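J.: Below is the structure I would like to discuss, written out as structure tokens.
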Amino acid sequence: SYFGCAFCWSLCADWNVLGKKKEEQLMNPRKEAAYRMLSLIAAVIFVLPCVFLVFPTFDMHLDGLWQMDSLMEFICAYKNTVILAIAGVLIQIVIALSAGYAIARVSSFKVQMFFILTCVFFLLLPQQALMLPQYLVLMNIGWLDSLKGLLIMTAFQPWMILLFWFAAKGIDSSLFDAAICDGASNWVLFGKIYVPIVRPYVTVAAFLSIAESWNLLEQPMTFLQSKEKYPLSMILMQLSTDNPELKNALCLIFVIPLIILFFRVVDNVTNGFHQ
């Protein structure tokens with residue numbers, strides 16, 4: 001959570017979303033010191049659980065980790081998690097990127113607002129309300145208890161469509177008009193103008209999508225029955241609490257890729273917007 005807050009704050013500052021120059025954003029020293037102190041306190045509060053997660057693993061012998069009975073089960077679950085994260089983000093980006101562009105290019109304001117409000121409705125709708133209809137759909141098409149069924153049920157992400165719609169609305173329409181005057185087709189507008197401009201948004205959306213897929217719990221509990229198809233989040237939930245050091249070590253291994261990916265995303269996004 002702390003990394004997420006810091007990420008959003010750094011993006012707001014770097015992208016100049018407040019419409020002010022950085023020189024104009026300078027505050028008086030006393031106010032700045034108060035903000036820094038509050039930020040430090042918030043950082044300590046959010047980081048403490050991570051400290052309690054990491055330190056107990058130092059008391060654990062590595063032999064206990066590699067000789068545990070569920071090691072192969074852990075590796076299989078890690079593979080399933082990677083498949084869900086990578087395949088899921090590709091499917092979601094393709095759908096949301098196209099949908100956001102199409103909605104932004106609709107000339108009718110009423111039609112555009114209809115699609116936007118539909119996305120907002122599904123965004124605010126509790127995921128639990130969709131579980132039973134999704135379960136019945138997967139059962140009828142024979143995709144229950146399969147990773148592809150889980151991928152299909154998570155393919156539509158309304159927040160991602162809204163993000164790309166917002167990015168598309170920020171593009172100067174004169175760019176599209178000039179390209180159309182030169183004879184550019186819709187595919188050229190999409191691939192040569194829209195996609196390169198919204199690339200930093202795609203990077204952020206991809207990271208958030210991977211983080212969400214990495215931590216999926218309710219959908220696998222509902223749609224998967226075979227243990228060999230469980231993602232890592234399910235395996236960690238079912239681990240016994242008799243060996244907390246082992247569970248902490250596995251949780252740490254579970255979260256390390258996301259931490260590395262987070263810092264890569266921050267670097268790429270800030271560089272992309274500066275360019």
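In the structure tokens, chains take the letters A, B, ... in the order shown, each chain's residues start at 1, and ligands count up from 1 in the order shown.
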Using only C-alpha atoms, determine which residues lie at most 12 Å from Tyr230 in chain A, disregarding the query and same-chain residues fewer than 2 positions distant; provide the list as number ranges by chain.
T.: A: 73-84, 145-147, 150, 214-228, 232-238
J.: Produce a file of the selected residues containing N, CA, C and O atoms, as a short mmCIF file (atom, residue, chain, number, x, y, z; two decimals), in the first residue's frame.
T.:
data_model
loop_
_atom_site.label_atom_id
_atom_site.label_comp_id
_atom_site.auth_asym_id
_atom_site.auth_seq_id
_atom_site.Cartn_x
_atom_site.Cartn_y
_atom_site.Cartn_z
N GLU A 73 4.22 -29.04 -5.22
CA GLU A 73 2.91 -28.38 -5.27
C GLU A 73 3.07 -26.86 -5.33
O GLU A 73 2.35 -26.17 -6.06
N PHE A 74 4.05 -26.35 -4.58
CA PHE A 74 4.33 -24.91 -4.59
C PHE A 74 4.83 -24.47 -5.96
O PHE A 74 4.41 -23.44 -6.49
N ILE A 75 5.72 -25.24 -6.57
CA ILE A 75 6.26 -24.89 -7.89
C ILE A 75 5.16 -24.92 -8.94
O ILE A 75 5.08 -24.04 -9.81
N CYS A 76 4.28 -25.92 -8.89
CA CYS A 76 3.17 -26.01 -9.84
C CYS A 76 2.23 -24.82 -9.68
O CYS A 76 1.77 -24.24 -10.67
N ALA A 77 1.96 -24.44 -8.44
CA ALA A 77 1.09 -23.30 -8.19
C ALA A 77 1.74 -22.01 -8.66
O ALA A 77 1.06 -21.11 -9.19
N TYR A 78 3.06 -21.90 -8.51
CA TYR A 78 3.77 -20.71 -9.00
C TYR A 78 3.66 -20.62 -10.51
O TYR A 78 3.46 -19.54 -11.08
N LYS A 79 3.77 -21.76 -11.18
CA LYS A 79 3.63 -21.78 -12.64
C LYS A 79 2.22 -21.34 -13.05
O LYS A 79 2.06 -20.54 -14.00
N ASN A 80 1.21 -21.84 -12.35
CA ASN A 80 -0.17 -21.43 -12.66
C ASN A 80 -0.37 -19.94 -12.46
O ASN A 80 -1.08 -19.28 -13.23
N THR A 81 0.24 -19.40 -11.41
CA THR A 81 0.12 -17.97 -11.14
C THR A 81 0.76 -17.14 -12.25
O THR A 81 0.19 -16.12 -12.69
N VAL A 82 1.93 -17.57 -12.71
CA VAL A 82 2.61 -16.85 -13.80
C VAL A 82 1.77 -16.91 -15.07
O VAL A 82 1.64 -15.90 -15.80
N ILE A 83 1.17 -18.07 -15.36
CA ILE A 83 0.32 -18.22 -16.56
C ILE A 83 -0.87 -17.28 -16.46
O ILE A 83 -1.21 -16.56 -17.43
N LEU A 84 -1.53 -17.26 -15.31
CA LEU A 84 -2.70 -16.39 -15.13
C LEU A 84 -2.31 -14.92 -15.25
O LEU A 84 -3.05 -14.12 -15.85
N ASP A 145 -13.30 -25.50 -13.79
CA ASP A 145 -12.09 -26.17 -13.32
C ASP A 145 -10.99 -26.14 -14.38
O ASP A 145 -10.34 -27.15 -14.67
N SER A 146 -10.80 -24.98 -15.00
CA SER A 146 -9.72 -24.82 -15.99
C SER A 146 -9.20 -23.39 -15.90
O SER A 146 -9.93 -22.46 -15.55
N LEU A 147 -7.92 -23.24 -16.23
CA LEU A 147 -7.31 -21.90 -16.20
C LEU A 147 -7.89 -20.99 -17.28
O LEU A 147 -8.02 -19.79 -17.08
N LEU A 150 -10.98 -19.38 -16.00
CA LEU A 150 -10.65 -18.30 -15.07
C LEU A 150 -10.17 -17.06 -15.81
O LEU A 150 -10.51 -15.93 -15.43
N TRP A 214 -2.04 -11.89 -9.66
CA TRP A 214 -1.10 -12.54 -8.75
C TRP A 214 -1.77 -12.87 -7.41
O TRP A 214 -1.39 -13.82 -6.73
N ASN A 215 -2.76 -12.06 -7.04
CA ASN A 215 -3.40 -12.23 -5.73
C ASN A 215 -4.83 -12.76 -5.83
O ASN A 215 -5.60 -12.62 -4.88
N LEU A 216 -5.20 -13.32 -6.97
CA LEU A 216 -6.56 -13.87 -7.12
C LEU A 216 -6.83 -14.92 -6.06
O LEU A 216 -6.02 -15.80 -5.82
N LEU A 217 -8.01 -14.83 -5.45
CA LEU A 217 -8.37 -15.81 -4.41
C LEU A 217 -9.82 -16.27 -4.56
O LEU A 217 -10.08 -17.48 -4.60
N GLU A 218 -10.76 -15.33 -4.64
CA GLU A 218 -12.17 -15.71 -4.67
C GLU A 218 -12.53 -16.48 -5.94
O GLU A 218 -13.24 -17.48 -5.87
N GLN A 219 -12.04 -16.02 -7.10
CA GLN A 219 -12.37 -16.69 -8.35
C GLN A 219 -11.79 -18.11 -8.41
O GLN A 219 -12.52 -19.05 -8.78
N PRO A 220 -10.52 -18.33 -8.05
CA PRO A 220 -10.03 -19.72 -8.03
C PRO A 220 -10.77 -20.60 -7.04
O PRO A 220 -11.00 -21.78 -7.31
N MET A 221 -11.16 -20.05 -5.89
CA MET A 221 -11.91 -20.84 -4.92
C MET A 221 -13.26 -21.28 -5.49
O MET A 221 -13.77 -22.36 -5.15
N THR A 222 -13.84 -20.44 -6.36
CA THR A 222 -15.16 -20.73 -6.91
C THR A 222 -15.10 -21.60 -8.16
O THR A 222 -15.90 -22.53 -8.32
N PHE A 223 -14.14 -21.33 -9.04
CA PHE A 223 -14.13 -21.96 -10.36
C PHE A 223 -13.19 -23.15 -10.48
O PHE A 223 -13.27 -23.89 -11.47
N LEU A 224 -12.27 -23.34 -9.54
CA LEU A 224 -11.29 -24.43 -9.65
C LEU A 224 -11.53 -25.46 -8.56
O LEU A 224 -11.77 -25.10 -7.40
N GLN A 225 -11.46 -26.73 -8.94
CA GLN A 225 -11.58 -27.82 -7.98
C GLN A 225 -10.30 -28.66 -7.88
O GLN A 225 -10.01 -29.22 -6.84
N SER A 226 -9.56 -28.78 -8.98
CA SER A 226 -8.35 -29.60 -9.00
C SER A 226 -7.20 -28.83 -8.36
O SER A 226 -6.93 -27.68 -8.73
N LYS A 227 -6.53 -29.48 -7.43
CA LYS A 227 -5.47 -28.80 -6.69
C LYS A 227 -4.28 -28.48 -7.58
O LYS A 227 -3.56 -27.49 -7.32
N GLU A 228 -4.04 -29.29 -8.63
CA GLU A 228 -2.90 -29.02 -9.51
C GLU A 228 -3.11 -27.78 -10.37
O GLU A 228 -2.19 -27.32 -11.03
N LEU A 232 -0.90 -19.76 -6.65
CA LEU A 232 -0.12 -19.75 -5.42
C LEU A 232 -0.89 -19.16 -4.25
O LEU A 232 -0.68 -19.55 -3.10
N SER A 233 -1.77 -18.21 -4.53
CA SER A 233 -2.55 -17.61 -3.45
C SER A 233 -3.40 -18.65 -2.72
O SER A 233 -3.57 -18.58 -1.50
N MET A 234 -3.93 -19.62 -3.46
CA MET A 234 -4.72 -20.69 -2.85
C MET A 234 -3.85 -21.61 -1.99
O MET A 234 -4.25 -22.02 -0.89
N ILE A 235 -2.66 -21.92 -2.48
CA ILE A 235 -1.77 -22.80 -1.74
C ILE A 235 -1.32 -22.15 -0.44
O ILE A 235 -1.30 -22.78 0.63
N LEU A 236 -0.99 -20.86 -0.51
CA LEU A 236 -0.56 -20.16 0.70
C LEU A 236 -1.68 -20.07 1.72
O LEU A 236 -1.45 -20.15 2.93
N MET A 237 -2.91 -19.91 1.24
CA MET A 237 -4.04 -19.83 2.16
C MET A 237 -4.24 -21.16 2.90
O MET A 237 -4.64 -21.18 4.07
N GLN A 238 -3.95 -22.27 2.23
CA GLN A 238 -4.20 -23.58 2.81
C GLN A 238 -3.05 -24.11 3.63
O GLN A 238 -3.16 -25.17 4.24
#
J.: Determine which residues of range 48-272 of chain A receive a DSSP assignment of alpha helix (DSSP H), computed from the backbone, and state them as a count of residues only.
T.: 169
J.: Leaving out Gln134 in chain A and any residue of its chain fewer than 2 positions from it, which residues lie within 10 Å of it when counting only C-alpha atoms, given as a ChimeraX atom specification?
T.: /A:129-132,136-140,144,149-150,152-153,219,222-223
J.: Tell me which protein, DNA and RNA residues are within 8 Å of Ile103 in chain A, counting only C-alpha atoms, leaving out same-chain ones fewer than 2 positions away, and put them as a ChimeraX atom specification.
T.: /A:99-101,105-106,112,115-116,165
J.: Looking at A:Lys31, A:Val89, A:Arg199, A:Ala206, which one is nearest to Asn271 in chain A, with distances taken over only C-alpha atoms?
T.: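 Using only C-alpha atoms, the shortest distance to Asn271 in chain A belongs to A:Arg199.
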J.: Identify, on the basis of only C-alpha atoms, every residue whose closest approach to Leu175 in chain A does not exceed 9 Å; exclude the query and any residue fewer than 5 positions from it along the same chain; express the result as a list in words.
T.: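 Contacts, with the query itself left out: Ile180, Leu189 and Ile193 of chain A.
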J.: What is the CA of Val269 in chain A to CA of Thr203 in chain A distance in Å?
T.: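 Between CA of Val269 in chain A and CA of Thr203 in chain A the gap works out to 6.8 Å.
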J.: Report, in Å with one decimal, the straight-line distance from CA of Ile253 in chain A to CA of Val44 in chain A.
T.: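 CA of Ile253 in chain A sits 22.1 Å away from CA of Val44 in chain A.
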J.: CA of Lys148 in chain A and CA of Ile86 in chain A, how far apart in Å?
T.: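 Between CA of Ile86 in chain A and CA of Lys148 in chain A the gap works out to 12.4 Å.
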J.: Of the candidates A:Val188, A:Leu40, A:Leu97, A:Ala179, which shows the shortest atom-to-atom distance to Leu163 in chain A, using only C-alpha atoms?
T.: A:Leu97
J.: Under the rule that only C-alpha atoms are counted, which of A:Ile95, A:Leu250, A:Leu124, A:Val266 is the nearest residue to Pro200 in chain A?
T.: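 That would be A:Val266, the residue with the smallest distance to Pro200 in chain A.
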